[in-house]
Structure formats: structure tokens, C-alpha cells
>>> print(open('model11.cif').read())   # mmCIF, C-alpha atoms
data_coords
loop_
_atom_site.label_atom_id
_atom_site.label_comp_id
_atom_site.auth_asym_id
_atom_site.auth_seq_id
_atom_site.Cartn_x
_atom_site.Cartn_y
_atom_site.Cartn_z
CA MET E 1 -85.21 124.10 181.57
CA GLU E 2 -88.93 124.64 181.38
CA LEU E 3 -89.30 122.50 184.49
CA VAL E 4 -86.76 124.59 186.40
CA VAL E 5 -88.62 127.79 185.48
CA PHE E 6 -91.91 126.24 186.52
CA VAL E 7 -90.60 125.00 189.87
CA LEU E 8 -88.91 128.30 190.74
CA ALA E 9 -91.93 130.42 189.75
CA ALA E 10 -94.31 128.06 191.55
CA ALA E 11 -92.17 128.35 194.68
CA MET E 12 -92.27 132.16 194.40
CA ILE E 13 -96.05 132.10 193.97
CA LEU E 14 -96.77 129.74 196.84
CA VAL E 15 -94.31 131.30 199.31
CA GLY E 16 -95.71 134.74 198.54
CA ALA E 17 -99.32 133.60 198.80
CA VAL E 18 -98.75 131.90 202.15
CA GLY E 19 -96.91 135.01 203.27
CA VAL E 20 -99.93 137.17 202.47
CA ILE E 21 -102.19 135.20 204.77
CA VAL E 22 -99.80 134.46 207.66
CA ARG E 23 -97.91 137.75 208.01
CA SER E 24 -99.30 139.80 210.85
CA ASN E 25 -97.98 143.10 209.50
CA PRO E 26 -99.99 144.39 206.49
CA VAL E 27 -96.84 145.88 204.92
CA HIS E 28 -95.17 142.47 204.94
CA ALA E 29 -98.33 140.96 203.47
CA ALA E 30 -98.24 143.51 200.63
CA LEU E 31 -94.58 142.72 199.95
CA SER E 32 -95.38 139.00 199.87
CA LEU E 33 -98.11 139.83 197.37
CA ILE E 34 -95.45 141.38 195.11
CA LEU E 35 -93.50 138.11 195.22
CA THR E 36 -96.60 136.20 194.11
CA LEU E 37 -97.37 138.68 191.34
CA PHE E 38 -93.83 138.44 189.96
CA GLY E 39 -94.09 134.66 190.03
CA VAL E 40 -97.31 134.85 188.03
CA ALA E 41 -95.57 137.18 185.56
CA VAL E 42 -92.83 134.56 185.08
CA MET E 43 -95.54 131.97 184.44
CA PHE E 44 -97.11 134.28 181.85
CA VAL E 45 -93.80 134.50 179.97
CA ALA E 46 -93.49 130.72 180.12
CA GLN E 47 -96.95 130.47 178.54
CA ASN E 48 -96.21 132.86 175.64
CA ALA E 49 -98.20 135.75 177.16
CA HIS E 50 -95.43 138.33 176.96
CA PHE E 51 -97.63 141.41 176.86
CA LEU E 52 -99.66 140.24 179.85
CA ALA E 53 -96.46 139.57 181.79
CA ALA E 54 -95.39 143.19 181.23
CA VAL E 55 -98.85 144.46 182.21
CA GLN E 56 -98.78 142.21 185.26
CA VAL E 57 -95.55 143.78 186.49
CA ILE E 58 -96.54 147.36 185.64
CA VAL E 59 -100.19 147.37 186.73
CA TYR E 60 -100.26 144.81 189.55
CA ALA E 61 -96.81 145.01 191.11
CA GLY E 62 -96.35 148.64 190.13
CA ALA E 63 -99.70 150.33 190.61
CA ILE E 64 -101.98 148.13 192.70
CA VAL E 65 -99.49 147.12 195.39
CA VAL E 66 -98.24 150.70 195.63
CA LEU E 67 -101.85 151.74 196.13
CA PHE E 68 -102.19 149.14 198.88
CA LEU E 69 -99.01 150.35 200.59
CA PHE E 70 -100.15 153.95 200.22
CA VAL E 71 -103.47 153.20 201.92
CA ILE E 72 -101.72 151.20 204.67
CA MET E 73 -99.49 154.18 205.42
CA LEU E 74 -102.36 156.66 205.09
CA LEU E 75 -104.48 154.76 207.60
CA GLY E 76 -101.56 154.10 209.93
CA VAL E 77 -102.19 150.38 210.19
CA ASP E 78 -98.56 149.54 209.43
CA ARG E 79 -98.02 147.65 212.66
CA SER E 80 -98.40 144.02 213.52
CA GLU E 81 -101.80 142.70 214.45
CA ASP E 82 -102.38 140.10 217.09
CA LEU E 83 -103.23 136.99 215.12
CA SER E 84 -103.19 134.62 218.06
CA THR E 85 -106.64 135.50 219.39
CA GLU E 86 -109.58 134.20 217.43
CA PRO E 87 -113.12 135.39 218.21
CA PHE E 88 -114.73 132.32 216.71
CA LYS E 89 -113.02 129.14 217.84
CA VAL E 90 -114.09 127.03 214.88
CA GLN E 91 -113.33 129.59 212.19
CA ARG E 92 -109.80 128.55 211.30
CA PRO E 93 -110.45 124.78 211.18
CA LEU E 94 -113.57 125.44 209.13
CA ALA E 95 -111.66 127.73 206.76
CA ALA E 96 -108.96 125.09 206.35
CA ILE E 97 -111.59 122.46 205.57
CA VAL E 98 -113.30 124.76 203.06
CA GLY E 99 -109.99 125.64 201.41
CA LEU E 100 -108.81 122.04 201.18
CA GLY E 101 -112.19 120.96 199.86
CA LEU E 102 -112.15 123.71 197.24
CA VAL E 103 -108.63 122.82 196.08
CA GLY E 104 -109.43 119.11 196.14
CA LEU E 105 -112.54 119.52 194.02
CA VAL E 106 -110.84 121.75 191.45
CA VAL E 107 -107.79 119.48 191.22
CA ALA E 108 -110.04 116.45 190.80
CA ALA E 109 -111.94 118.23 188.02
CA VAL E 110 -108.72 119.31 186.29
CA VAL E 111 -107.11 115.88 186.48
CA SER E 112 -110.19 114.01 185.37
CA SER E 113 -110.74 116.31 182.38
CA ARG E 114 -107.12 116.72 181.29
CA ASP E 115 -107.71 114.91 178.01
CA ALA E 116 -110.91 116.79 177.23
CA ILE E 117 -109.12 120.08 176.48
CA THR E 118 -108.20 120.21 172.83
CA ALA E 119 -106.91 122.91 170.54
CA ARG E 120 -109.68 124.81 168.85
CA GLY E 121 -108.20 128.17 167.79
CA ASP E 122 -105.60 129.13 165.24
CA GLY E 123 -102.80 128.79 167.76
CA LEU E 124 -100.78 131.42 169.54
CA ASN E 125 -98.19 133.21 167.48
CA VAL E 126 -94.84 132.90 169.16
CA ALA E 127 -91.68 134.87 168.52
CA ASP E 128 -90.17 133.61 165.30
CA ALA E 129 -86.60 132.94 164.30
CA ILE E 130 -85.81 136.35 162.86
CA GLY E 131 -86.15 137.92 166.28
CA ASP E 132 -89.54 139.53 165.85
CA GLY E 133 -90.52 139.46 169.52
CA ASP E 134 -93.83 141.30 169.32
CA THR E 135 -95.98 138.70 167.61
CA ASN E 136 -97.90 138.07 170.84
CA ILE E 137 -98.66 141.79 171.15
CA LYS E 138 -99.87 141.96 167.54
CA GLN E 139 -102.13 138.96 167.94
CA LEU E 140 -103.54 140.24 171.24
CA ALA E 141 -104.11 143.69 169.72
CA ARG E 142 -106.04 142.19 166.82
CA SER E 143 -108.23 140.39 169.32
CA VAL E 144 -108.76 143.36 171.66
CA PHE E 145 -109.35 145.94 168.93
CA GLY E 146 -111.17 143.53 166.64
CA ASP E 147 -113.44 140.99 168.24
CA TYR E 148 -113.64 142.66 171.64
CA VAL E 149 -113.58 146.35 170.74
CA VAL E 150 -116.96 147.08 172.34
CA ALA E 151 -115.84 145.56 175.63
CA PHE E 152 -112.63 147.58 175.38
CA GLU E 153 -114.59 150.81 175.01
CA VAL E 154 -116.83 149.87 177.95
CA THR E 155 -113.78 149.40 180.18
CA SER E 156 -112.87 153.05 179.59
CA VAL E 157 -116.29 154.03 180.98
CA LEU E 158 -115.69 151.67 183.91
CA LEU E 159 -112.37 153.31 184.74
CA VAL E 160 -113.88 156.81 184.64
CA VAL E 161 -116.75 155.69 186.88
CA ALA E 162 -114.28 154.10 189.31
CA VAL E 163 -112.17 157.25 189.56
CA VAL E 164 -115.16 159.57 189.99
CA GLY E 165 -116.74 157.21 192.52
CA THR E 166 -113.58 157.02 194.59
CA VAL E 167 -113.19 160.78 194.65
CA LEU E 168 -116.78 161.13 195.83
CA LEU E 169 -116.39 158.36 198.43
CA THR E 170 -113.28 159.72 200.09
CA ARG E 171 -114.15 163.41 199.88
CA ARG E 172 -114.66 165.34 203.08
CA ILE E 173 -117.64 167.64 202.88
CA LYS E 174 -116.67 171.15 203.94
CA GLY E 175 -118.34 172.69 206.96
CA SER E 176 -120.01 169.56 208.26
CA GLY E 177 -117.19 168.75 210.63
CA LYS E 178 -115.10 165.63 211.09
CA ASP E 179 -117.99 163.20 211.03
CA SER E 180 -119.22 164.13 207.58
CA MET X 181 -80.69 114.69 185.10
CA SER X 182 -82.40 113.11 182.11
CA PHE X 183 -85.53 113.06 184.24
CA LEU X 184 -85.38 116.85 184.48
CA ALA X 185 -84.95 117.24 180.74
CA ALA X 186 -87.79 114.83 180.02
CA ALA X 187 -90.41 116.29 182.35
CA THR X 188 -91.92 119.45 180.91
CA PRO X 189 -94.74 121.13 182.79
CA THR X 190 -98.06 120.51 181.11
CA THR X 191 -101.21 122.58 181.27
CA THR X 192 -102.47 120.36 184.09
CA TRP X 193 -99.57 121.47 186.28
CA TYR X 194 -100.41 125.11 185.73
CA LEU X 195 -104.09 124.49 186.45
CA ILE X 196 -103.30 122.65 189.68
CA LEU X 197 -100.97 125.46 190.75
CA ALA X 198 -103.74 127.96 190.00
CA ALA X 199 -106.18 125.89 192.07
CA VAL X 200 -103.78 125.87 195.03
CA LEU X 201 -103.23 129.62 194.72
CA PHE X 202 -106.99 130.17 194.61
CA GLY X 203 -107.42 127.99 197.70
CA ILE X 204 -104.80 129.96 199.63
CA GLY X 205 -106.57 133.19 198.69
CA ALA X 206 -109.95 131.82 199.74
CA VAL X 207 -108.60 130.66 203.11
CA GLY X 208 -107.03 134.10 203.56
CA VAL X 209 -110.35 135.85 203.03
CA LEU X 210 -111.95 133.50 205.57
CA VAL X 211 -109.35 133.77 208.35
CA ARG X 212 -108.05 137.35 208.18
CA ARG X 213 -109.88 140.24 209.84
CA ASN X 214 -108.00 143.22 208.45
CA PRO X 215 -110.02 144.44 205.43
CA LEU X 216 -106.84 145.43 203.58
CA VAL X 217 -105.37 141.93 203.86
CA MET X 218 -108.69 140.39 202.86
CA PHE X 219 -108.51 142.57 199.77
CA MET X 220 -105.01 141.32 198.98
CA CYS X 221 -106.34 137.76 199.21
CA ILE X 222 -108.98 138.65 196.62
CA GLU X 223 -106.13 139.76 194.36
CA LEU X 224 -104.51 136.36 194.92
CA MET X 225 -107.68 134.64 193.73
CA LEU X 226 -107.92 136.90 190.67
CA ASN X 227 -104.32 136.05 189.80
CA ALA X 228 -105.01 132.35 190.16
CA VAL X 229 -107.84 132.61 187.65
CA ASN X 230 -105.68 134.70 185.31
CA LEU X 231 -103.01 132.02 185.44
CA SER X 232 -105.47 129.31 184.46
CA PHE X 233 -106.84 131.49 181.64
CA VAL X 234 -103.34 131.97 180.21
CA ALA X 235 -102.48 128.28 180.54
CA LEU X 236 -105.68 127.31 178.72
CA ALA X 237 -105.07 129.94 176.02
CA LYS X 238 -101.75 128.24 175.30
CA LYS X 239 -103.26 124.77 175.40
CA MET X 240 -106.25 125.59 173.20
CA GLY X 241 -104.33 127.86 170.86
CA ASP X 242 -106.87 130.63 171.35
CA ILE X 243 -105.82 134.22 172.02
CA GLY X 244 -109.24 134.87 173.58
CA GLY X 245 -107.97 133.59 176.91
CA GLN X 246 -105.28 136.26 177.00
CA THR X 247 -107.81 138.92 175.97
CA THR X 248 -109.97 137.87 178.93
CA VAL X 249 -107.01 138.24 181.28
CA PHE X 250 -106.45 141.73 179.88
CA PHE X 251 -110.01 142.71 180.77
CA VAL X 252 -109.78 141.02 184.18
CA MET X 253 -106.74 143.17 184.93
CA VAL X 254 -108.61 146.36 183.98
CA VAL X 255 -111.58 145.40 186.14
CA ALA X 256 -109.27 144.42 189.01
CA ALA X 257 -107.59 147.83 188.87
CA ALA X 258 -110.99 149.59 189.00
CA GLU X 259 -112.11 147.28 191.79
CA VAL X 260 -109.02 148.00 193.87
CA VAL X 261 -109.52 151.75 193.46
CA VAL X 262 -113.16 151.63 194.58
CA GLY X 263 -112.52 149.09 197.35
CA LEU X 264 -109.65 151.04 198.84
CA GLY X 265 -111.76 154.21 198.65
CA ILE X 266 -114.46 152.47 200.68
CA ILE X 267 -111.91 151.16 203.19
CA VAL X 268 -110.39 154.63 203.59
CA SER X 269 -113.77 156.23 204.22
CA ILE X 270 -114.69 153.50 206.75
CA MET X 271 -111.34 153.69 208.54
CA ARG X 272 -111.56 157.46 208.74
CA ARG X 273 -114.80 157.15 210.67
CA ARG X 274 -113.79 154.14 212.77
CA PRO X 275 -110.02 153.85 213.14
CA GLY X 276 -108.78 150.32 213.56
CA ALA X 277 -111.98 148.73 212.33
CA THR X 278 -111.84 145.04 211.43
CA ALA X 279 -114.24 143.07 209.30
CA ASP X 280 -116.21 142.21 212.45
CA ASP X 281 -116.83 145.86 213.30
CA ILE X 282 -118.28 146.75 209.91
CA SER X 283 -120.83 143.99 209.76
CA ALA X 284 -123.82 146.34 209.82
CA LEU X 285 -124.62 148.41 206.76
CA LYS X 286 -125.29 151.60 208.64
CA GLY X 287 -123.23 154.65 209.38
#
>>> encode(input="model11.cif", output="C-alpha cells")
Amino acid sequence: MELVVFVLAAAMILVGAVGVIVRSNPVHAALSLILTLFGVAVMFVAQNAHFLAAVQVIVYAGAIVVLFLFVIMLLGVDRSEDLSTEPFKVQRPLAAIVGLGLVGLVVAAVVSSRDAITARGDGLNVADAIGDGDTNIKQLARSVFGDYVVAFEVTSVLLVVAVVGTVLLTRRIKGSGKDS
Amino acid sequence: MSFLAAATPTTTWYLILAAVLFGIGAVGVLVRRNPLVMFMCIELMLNAVNLSFVALAKKMGDIGGQTTVFFVMVVAAAEVVVGLGIIVSIMRRRPGATADDISALKG
């Protein structure tokens, strides 16, 4: 059963990821990205990260991809690009070599060190028999609001800075014409 | 079908899948010219790393991995907002710009 879930979610992830880089229409690429993000959410559930799976669907698939689609429509680039022409002849072969080399190195490192990873924490709390499904959320909350509370507060500053920065970046200055 | 019941995906499987996803994202950043699609490929790479963090959190029995993913998601959301703001302000000035056209840091 676990294997079936893994294979199906992996297929979703890989099909979506390949779709992002081969689709010529940016809207189709964004929709392929949603497929990948849902596949990753399934993987999160399979790995006992229930809260992160929910956040993945809400924040990534819900907010970020909608933002992408919104910008695509706003800029009017929702038409197919011509992917057949390539300004640099060697770019795609080089990119393929770099990608394969990267994957090969990481896979080699993972496989060679697969016995070096050992349990060191207290273990993840999983949903118990009485149907208390929020043990993962409780454990994650203790970590976020306990050990990492300073980092959590700093992220609030980061979000405010991001919002203010974006408003300033995309603002049109009045009176200075179109090229402001 | 006993083979299917016997084989359960281990952490190594998840890490290899994350490596492949990261590689696809990296190739996408290298071959695509549309800045929006390059940005989506960066999201692919972030998700690959998140997946490996969650797999290792399960394997090591440490909730810290999931906490890290939580913070990565927050930073990714802020990064997308700022990045798309930059892309909008560039595209407004030069419609149809690709990554080749915006190689110089001058307005």
C-alpha cells in the first residue's frame, strides 16, 4: 500500500516537474507545477507531516501558483513561446550534462551514506489509536513556538518587509509619466 | 503481489526522488528564458529540498526537519512576492523581456 502511494505520488511529481520545463505556454507550466506540489503534499502525508501537507496545499498550490497565474495574466504572456530556437547552440546539451551530473552526484552520496543516517531525536508522534489526529501539529507547534520562537518572530518581520518592498517596487510614481 | 506488499519505500527512495526533482528544476532554470518559468523551476528545487527534509525528519525521528520546512515555506512565499514584483516592474518597462534582455543591471 505504501509502495502504491509512493509510486503514484512520484509519478505525479515527475510528470508535473517535466511539464513545467517543457511546456511552452506559461499557464500550462503553472498548472503542471500544481500537479507537482500536490504530489509533494501526498509524500508529506506519507511521511507523517500532516500539518506541512495542509500548508503545502494551501500556501503553495493555493496562494503561490495563483500569484503566478495572476502575474501571467497581468503581463499578458499567456501565449505559447517558441521553444525551438536556441540562441546558444550548446546550452541545452550543457544543461542536460549539468543536470545529470548533479543528480548523479546526489544519488551517489545518498546511496553510499544510506546506513549513516540514524535516529537521534525523540521520534515523531504519529496519530494514535484513539483517533487523535493532531499529534503532529502539537509536536510541530512545540518546536516552532519553543525552540525556534525567535526565528518565528523574525519571519513576521520578513513578511512585512516583503509586502512593503513589493508595493514600493511595483508602484507607479504619479506625474512622472509612463517610464517612471 | 507479495513483492508489492514486501517492498516499502525507504528514506533512500524519497531522497533519490528529491534529487531527481531538484535536477529537473536546475535544468529548467538553465534552459528556459521566460523569467516566470525560471521562477517556477526555483519553486521545484525548493520543494525537492523540502521533501528531503521531511523524509529525514521521519528517518531521524526529529521534528526539527519539519520545522525547517515550515520556515522554508514562509521564506519561499516572501521570495515569490518580491520576485514577482521585480518581474512585473521589469515587464512593464520592457514588454516581452526574456532573461537574455535583462542581463545588464541598468534601467
>>> closest_residue(input="model11.cif", among="X:Thr190, X:Val200, X:Gly245, X:Arg213", to="Ala277 (chain X)", atoms="all atoms listed in the file")
X:Arg213
>>> resolve_selection(input="model11.cif", expression="the PyMOL selection byres ((chain E and resi 50) around 10)", output="compact mmCIF listing (two decimals) with C-alpha atoms, keeping the file's coordinate frame")
# COMPACT_ATOMS: atom_id res chain seq x y z
CA ALA E 41 -95.57 137.18 185.56
CA VAL E 42 -92.83 134.56 185.08
CA MET E 43 -95.54 131.97 184.44
CA PHE E 44 -97.11 134.28 181.85
CA VAL E 45 -93.80 134.50 179.97
CA ALA E 46 -93.49 130.72 180.12
CA GLN E 47 -96.95 130.47 178.54
CA ASN E 48 -96.21 132.86 175.64
CA ALA E 49 -98.20 135.75 177.16
CA PHE E 51 -97.63 141.41 176.86
CA LEU E 52 -99.66 140.24 179.85
CA ALA E 53 -96.46 139.57 181.79
CA ALA E 54 -95.39 143.19 181.23
CA VAL E 55 -98.85 144.46 182.21
CA GLN E 56 -98.78 142.21 185.26
CA VAL E 126 -94.84 132.90 169.16
CA ALA E 127 -91.68 134.87 168.52
CA GLY E 133 -90.52 139.46 169.52
CA ASP E 134 -93.83 141.30 169.32
CA THR E 135 -95.98 138.70 167.61
CA ASN E 136 -97.90 138.07 170.84
CA ILE E 137 -98.66 141.79 171.15
>>> resolve_selection(input="model11.cif", expression="the PyMOL selection byres ((chain E and resi 19) around 12)", output="ChimeraX atom specification")
/E:11-18,20-36 /X:201,204-205,208,217,220-221,224
>>> resolve_selection(input="model11.cif", expression="the PyMOL selection byres ((chain E and resi 61) around 9)", output="ChimeraX atom specification")
/E:33-35,37-38,56-60,62-66
>>> write_last_selection(input="model11.cif", atoms="C-alpha atoms", output="short mmCIF file (atom, residue, chain, number, x, y, z; two decimals), in the coordinates of the input")
data_model
loop_
_atom_site.label_atom_id
_atom_site.label_comp_id
_atom_site.auth_asym_id
_atom_site.auth_seq_id
_atom_site.Cartn_x
_atom_site.Cartn_y
_atom_site.Cartn_z
CA LEU E 33 -98.11 139.83 197.37
CA ILE E 34 -95.45 141.38 195.11
CA LEU E 35 -93.50 138.11 195.22
CA LEU E 37 -97.37 138.68 191.34
CA PHE E 38 -93.83 138.44 189.96
CA GLN E 56 -98.78 142.21 185.26
CA VAL E 57 -95.55 143.78 186.49
CA ILE E 58 -96.54 147.36 185.64
CA VAL E 59 -100.19 147.37 186.73
CA TYR E 60 -100.26 144.81 189.55
CA GLY E 62 -96.35 148.64 190.13
CA ALA E 63 -99.70 150.33 190.61
CA ILE E 64 -101.98 148.13 192.70
CA VAL E 65 -99.49 147.12 195.39
CA VAL E 66 -98.24 150.70 195.63
#
>>> axis_aligned_box(input="model11.cif", around="region 191-197 of chain X", padding_each_side="5 Å", output="AutoDock Vina command-line options")
--center_x -101.8 --center_y 122.9 --center_z 186.0 --size_x 14.5 --size_y 15.1 --size_z 19.5
>>> atom_distance(input="model11.cif", atom1="CA of Asn214 (chain X)", atom2="CA of Ala279 (chain X)")
6.3 Å
>>> residues_around(input="model11.cif", residues="region 119-125 of chain E", least_positions_apart="6", cutoff="8 Å", atoms="all atoms listed in the file", output="PyMOL selection string")
(chain E and resi 48+135-136+139) or (chain X and resi 237-243)
>>> closest_residue(input="model11.cif", among="X:Val234, X:Leu197, X:Ala206, X:Met253", to="Phe6 (chain E)", atoms="only C-alpha atoms")
X:Leu197
>>> atom_distance(input="model11.cif", atom1="CA of Thr166 (chain E)", atom2="CA of Gly263 (chain X)")
8.5 Å
>>> closest_residue(input="model11.cif", among="X:Gln246, X:Met218, X:Asp281, X:Arg274", to="Val260 (chain X)", atoms="all atoms listed in the file")
X:Met218
>>> atom_distance(input="model11.cif", atom1="CA of Leu140 (chain E)", atom2="CA of Thr247 (chain X)")
6.5 Å
>>> closest_residue(input="model11.cif", among="E:Thr170, E:Ile97, E:Ala9, E:Val157", to="chain X", atoms="all atoms listed in the file")
E:Thr170
